[in-house]
file entry-v1.txt (compact mmCIF, C-alpha atoms)
# COMPACT_ATOMS: atom_id res chain seq x y z
CA MET A 1373 -12.01 -3.57 -18.02
CA ASN A 1374 -8.57 -4.96 -18.81
CA LYS A 1375 -5.71 -6.13 -16.60
CA GLY A 1376 -4.78 -4.52 -13.34
CA LEU A 1377 -1.87 -4.41 -10.92
CA ALA A 1378 -1.92 -4.71 -7.12
CA LEU A 1379 0.99 -3.84 -4.83
CA GLY A 1380 1.44 -3.80 -1.07
CA CYS A 1381 2.63 -5.98 1.78
CA SER A 1382 1.36 -9.22 3.34
CA HIS A 1383 -2.22 -7.96 3.51
CA THR A 1384 -2.42 -7.57 -0.27
CA ALA A 1385 -0.44 -10.78 -0.76
CA GLY A 1386 -3.18 -12.56 1.22
CA VAL A 1387 -0.88 -14.14 3.80
CA GLY A 1388 -2.85 -16.33 6.20
CA ILE A 1389 -5.89 -16.87 3.98
CA ASP A 1390 -6.72 -19.03 0.97
CA HIS A 1391 -5.76 -17.53 -2.39
CA ALA A 1392 -9.44 -17.59 -3.41
CA ASP A 1393 -10.32 -15.32 -0.47
CA CYS A 1394 -7.68 -12.62 -1.14
CA TYR A 1395 -9.20 -9.27 -2.10
CA VAL A 1396 -7.07 -9.18 -5.27
CA THR A 1397 -8.56 -12.51 -6.38
CA LEU A 1398 -12.06 -11.27 -5.54
CA LEU A 1399 -11.48 -8.12 -7.61
CA SER A 1400 -10.14 -10.22 -10.51
CA GLN A 1401 -13.36 -12.23 -10.43
CA HIS A 1402 -15.54 -9.14 -10.15
CA TYR A 1403 -13.91 -7.44 -13.14
CA GLN A 1404 -13.35 -10.73 -15.00
CA THR A 1405 -9.74 -9.81 -15.67
CA THR A 1406 -6.25 -10.61 -14.48
CA ILE A 1407 -4.91 -8.48 -11.67
CA LYS A 1408 -1.21 -9.12 -11.23
CA ASN A 1409 -0.41 -9.27 -7.51
CA LEU A 1410 3.12 -8.03 -6.83
CA ALA A 1411 2.62 -7.61 -3.09
CA VAL A 1412 5.62 -8.57 -0.95
CA PRO A 1413 4.90 -10.08 2.49
CA GLY A 1414 6.72 -7.89 5.00
CA GLY A 1415 7.38 -5.45 2.17
CA SER A 1416 8.18 -1.77 2.31
CA TYR A 1417 7.19 1.33 0.36
CA GLU A 1418 10.54 1.10 -1.46
CA GLN A 1419 9.62 -2.32 -2.82
CA VAL A 1420 6.20 -1.02 -3.87
CA GLU A 1421 7.80 1.86 -5.75
CA SER A 1422 10.40 -0.33 -7.47
CA ASN A 1423 7.82 -2.95 -8.52
CA LEU A 1424 5.37 -0.33 -9.79
CA VAL A 1425 7.95 1.55 -11.86
CA ASN A 1426 9.28 -1.67 -13.41
CA GLU A 1427 5.80 -2.97 -14.19
CA ILE A 1428 4.63 0.29 -15.79
CA LYS A 1429 7.78 0.27 -17.92
CA ASN A 1430 7.48 -3.37 -18.99
CA ASP A 1431 3.78 -4.22 -19.09
CA CYS A 1432 1.59 -1.18 -18.46
CA PRO A 1433 -1.63 -2.16 -16.64
CA ASN A 1434 -5.02 -0.48 -17.07
CA PHE A 1435 -5.32 0.36 -13.38
CA VAL A 1436 -3.24 0.08 -10.19
CA ILE A 1437 -4.17 -0.55 -6.56
CA VAL A 1438 -1.49 0.26 -3.99
CA GLN A 1439 -1.87 -0.73 -0.35
CA TRP A 1440 0.87 1.35 1.24
CA PRO A 1441 2.89 -0.47 3.92
CA ASN A 1442 3.69 1.20 7.21
CA PRO A 1443 6.27 4.03 6.84
CA PHE A 1444 8.44 2.43 9.53
CA ARG A 1445 9.35 -0.45 7.23
CA CYS A 1446 12.33 0.62 5.22
CA THR A 1447 15.77 -0.23 3.92
CA ILE A 1448 18.65 0.94 6.09
CA TRP A 1449 22.01 1.02 4.33
CA ASN A 1450 24.89 -0.09 6.46
CA ASP A 1451 28.40 -0.80 5.17
CA GLU A 1452 27.27 -0.57 1.54
CA SER A 1453 24.63 -3.27 1.95
CA PRO A 1454 20.86 -2.88 2.31
CA ASN A 1455 19.05 -4.27 5.34
CA PHE A 1456 15.26 -4.39 5.50
CA GLU A 1457 14.22 -3.20 8.94
CA ASN A 1458 11.19 -2.24 10.94
CA ILE A 1459 10.31 -1.54 14.55
CA SER A 1460 10.59 -5.20 15.55
CA ASN A 1461 14.09 -5.80 14.16
CA ALA A 1462 15.48 -2.28 14.46
CA SER A 1463 19.22 -1.81 14.22
CA LEU A 1464 21.10 0.93 16.04
CA VAL A 1465 20.91 3.06 12.88
CA PHE A 1466 17.13 2.59 12.66
CA LYS A 1467 16.74 3.43 16.37
CA GLN A 1468 18.85 6.56 15.95
CA LEU A 1469 16.75 7.72 12.99
CA LEU A 1470 13.60 7.11 15.01
CA LYS A 1471 15.05 9.00 17.95
CA LEU A 1472 15.76 11.96 15.66
CA GLY A 1473 12.13 12.04 14.55
CA GLU A 1474 9.48 10.17 12.62
CA LYS A 1475 9.94 12.56 9.69
CA ASN A 1476 13.02 10.51 8.80
CA PHE A 1477 10.56 7.79 7.82
CA TYR A 1478 7.47 9.69 6.68
CA THR A 1479 9.32 12.05 4.33
CA LEU A 1480 10.70 9.22 2.18
CA TRP A 1481 7.41 7.29 2.40
CA ILE A 1482 5.47 10.32 1.11
CA GLN A 1483 8.03 10.87 -1.66
CA SER A 1484 7.55 7.26 -2.74
CA ILE A 1485 3.78 7.78 -2.96
CA ILE A 1486 4.29 10.97 -4.98
CA THR A 1487 6.69 9.18 -7.34
CA CYS A 1488 4.30 6.27 -7.95
CA ASN A 1489 1.38 8.61 -8.57
CA THR A 1490 3.47 10.73 -10.95
CA VAL A 1491 4.55 7.64 -12.90
CA CYS A 1492 0.92 6.51 -13.18
CA THR A 1493 -0.24 10.00 -14.23
CA VAL A 1494 2.41 10.19 -16.97
CA ALA A 1495 1.49 6.67 -18.15
CA LYS A 1496 -2.26 7.57 -17.96
CA VAL A 1497 -2.92 4.69 -15.58
CA PRO A 1498 -5.53 5.26 -12.86
CA ILE A 1499 -4.21 4.53 -9.37
CA VAL A 1500 -6.07 3.85 -6.12
CA ASN A 1501 -3.98 4.44 -2.98
CA ILE A 1502 -5.07 2.78 0.25
CA MET A 1503 -3.62 2.58 3.74
CA LEU A 1504 -5.10 0.15 6.22
CA GLU A 1505 -4.63 2.53 9.13
CA ASN A 1506 -4.86 6.24 9.83
CA LEU A 1507 -2.37 8.93 8.89
CA GLU A 1508 -1.76 12.05 10.92
CA GLN A 1509 -3.20 15.22 9.36
CA PRO A 1510 0.10 16.98 8.50
CA TYR A 1511 1.23 14.01 6.39
CA TYR A 1512 -2.19 13.56 4.81
CA SER A 1513 -2.19 17.29 3.96
CA LYS A 1514 1.15 16.95 2.15
CA LEU A 1515 -0.30 14.24 -0.08
CA LYS A 1516 -3.51 16.21 -0.62
CA LYS A 1517 -1.45 19.26 -1.63
CA GLU A 1518 0.10 17.06 -4.36
CA GLY A 1519 -3.40 16.08 -5.54
CA ILE A 1520 -3.07 12.54 -4.15
CA VAL A 1521 -5.98 10.85 -2.43
CA LEU A 1522 -5.04 8.23 0.15
CA HIS A 1523 -8.04 6.16 1.24
CA MET A 1524 -7.50 5.43 4.92
CA ASP A 1525 -9.53 3.86 7.68
CA GLU A 1526 -12.18 6.48 8.44
CA LYS A 1527 -13.95 4.27 11.01
CA LEU A 1528 -17.27 4.84 9.25
CA PRO A 1529 -19.59 2.31 7.59
CA GLY A 1530 -18.34 1.68 4.06
CA LYS A 1531 -15.18 3.72 4.73
CA THR A 1532 -13.29 1.43 7.05
CA TRP A 1533 -10.73 -1.33 6.53
CA LEU A 1534 -11.77 -4.13 8.87
CA PHE A 1535 -9.24 -5.73 11.18
CA ASP A 1536 -10.12 -8.97 12.96
CA ASN A 1537 -6.97 -11.15 12.89
CA ALA A 1538 -9.02 -14.25 12.16
CA ALA A 1539 -6.70 -15.62 9.50
CA ASN A 1540 -5.32 -19.15 9.48
CA ASP A 1541 -2.05 -17.89 10.99
CA ASN A 1542 -3.79 -15.68 13.62
CA MET A 1543 -1.65 -12.75 12.48
CA HIS A 1544 -3.22 -11.44 9.30
CA HIS A 1545 -6.71 -10.54 8.18
CA SER A 1546 -9.55 -12.92 7.53
CA ALA A 1547 -11.53 -13.79 4.42
CA ARG A 1548 -14.29 -11.61 5.90
CA CYS A 1549 -11.92 -8.61 5.91
CA HIS A 1550 -10.82 -9.25 2.35
CA ARG A 1551 -14.46 -9.44 1.17
CA ALA A 1552 -15.16 -6.07 2.83
CA TRP A 1553 -11.99 -4.57 1.31
CA ALA A 1554 -12.97 -5.84 -2.15
CA ASP A 1555 -16.44 -4.30 -1.78
CA ARG A 1556 -14.95 -0.92 -0.85
CA LEU A 1557 -12.32 -1.12 -3.59
CA VAL A 1558 -14.86 -1.83 -6.34
CA GLY A 1559 -16.33 1.63 -5.74
CA LEU A 1560 -12.89 3.27 -5.62
CA ILE A 1561 -11.68 1.51 -8.77
CA ASP A 1562 -14.91 2.32 -10.66
CA GLU A 1563 -14.65 5.95 -9.62
CA ASN A 1564 -11.00 6.23 -10.70
CA THR A 1565 -11.31 4.34 -13.99
CA SER A 1566 -14.43 6.15 -15.23
CA ARG A 1567 -12.76 9.59 -15.31
call {"tool": "encode", "arguments": {"input": "entry-v1.txt", "output": "structure tokens"}}
result
Amino acid sequence: MNKGLALGCSHTAGVGIDHADCYVTLLSQHYQTTIKNLAVPGGSYEQVESNLVNEIKNDCPNFVIVQWPNPFRCTIWNDESPNFENISNASLVFKQLLKLGEKNFYTLWIQSIITCNTVCTVAKVPIVNIMLENLEQPYYSKLKKEGIVLHMDEKLPGKTWLFDNAANDNMHHSARCHRAWADRLVGLIDENTSR
């Protein structure tokens, strides 16, 4: 298997753990190949989409893993300038959008997933989509209708993303979590790249 690409937020970047313990590093070792890690700590789905499209254009990988950040992390444009915002640093604009309904966030998030999957399909690059939490059924159904599989936390043995906050910074996941994620991802990557 040749080179891969990983995208996501701080979890995929391996914030709070040693580089050697990050699931992307573990997968690189397992497949004995380079997996370029373009995860952005604190990143949003917009950054994932931009990085994926640019990478496919410039240096097409053989497979892609995307850990989708929370839909409530996004760029809010105010006075012609972009501001990265989430629940914890929400501006008045962000709060108003939230007040008007979560669809203001989920609709664009889902469109970003569809775009990335379409780009990978056109480029003939297998993609594995993961989300380290659950997604409400109506949103999951929209992705499924598009033929997109999003591997979420199913709270079942072998189908869960562990959370234990035992990282060095007490905020992110531990080496133990990353080992479990790598084990689960090996099966998902093998399944997607053997088609």
call {"tool": "closest_atom_pairs", "arguments": {"input": "entry-v1.txt", "of": "range 1395-1427 of chain A", "to": "range 1477-1485 of chain A", "cutoff": "8 Å", "atoms": "all atoms listed in the file", "output": "tab-separated table"}}
result
residue	atom	partner	partner_atom	distance
A:Tyr1417	CA	A:Trp1481	CA	6.3
A:Glu1418	CA	A:Ser1484	CA	7.0
A:Glu1421	CA	A:Ser1484	CA	6.2
call {"tool": "closest_residue", "arguments": {"input": "entry-v1.txt", "among": "A:Lys1496, A:Cys1381, A:Gly1388, A:Ala1462", "to": "Asn1537 in chain A", "atoms": "only C-alpha atoms"}}
result
A:Gly1388
call {"tool": "residues_around", "arguments": {"input": "entry-v1.txt", "residues": "Val1420 in chain A", "least_positions_apart": "3", "cutoff": "7 Å", "atoms": "only C-alpha atoms", "output": "number ranges by chain"}}
result
A: 1379-1380, 1416-1417, 1423-1424
call {"tool": "residues_near_point", "arguments": {"input": "entry-v1.txt", "point": "(1.8, -11.7, 2.7)", "cutoff": "10 Å", "atoms": "all atoms listed in the file", "output": "ChimeraX atom specification"}}
result
/A:1380-1389,1411-1415,1544
call {"tool": "closest_atom_pairs", "arguments": {"input": "entry-v1.txt", "of": "range 1515-1536 of chain A", "to": "range 1436-1453 of chain A", "cutoff": "10 Å", "atoms": "only C-alpha atoms", "output": "tab-separated table"}}
result
residue	atom	partner	partner_atom	distance
A:Leu1522	CA	A:Trp1440	CA	9.1
A:His1523	CA	A:Gln1439	CA	9.4
A:Met1524	CA	A:Gln1439	CA	9.9
call {"tool": "closest_residue", "arguments": {"input": "entry-v1.txt", "among": "A:Val1500, A:Ile1459, A:Cys1432, A:Cys1394", "to": "Cys1549 in chain A", "atoms": "all atoms listed in the file"}}
result
A:Cys1394
call {"tool": "atom_distance", "arguments": {"input": "entry-v1.txt", "atom1": "CA of Leu1557 in chain A", "atom2": "CA of Asn1458 in chain A"}}
result
27.7 Å
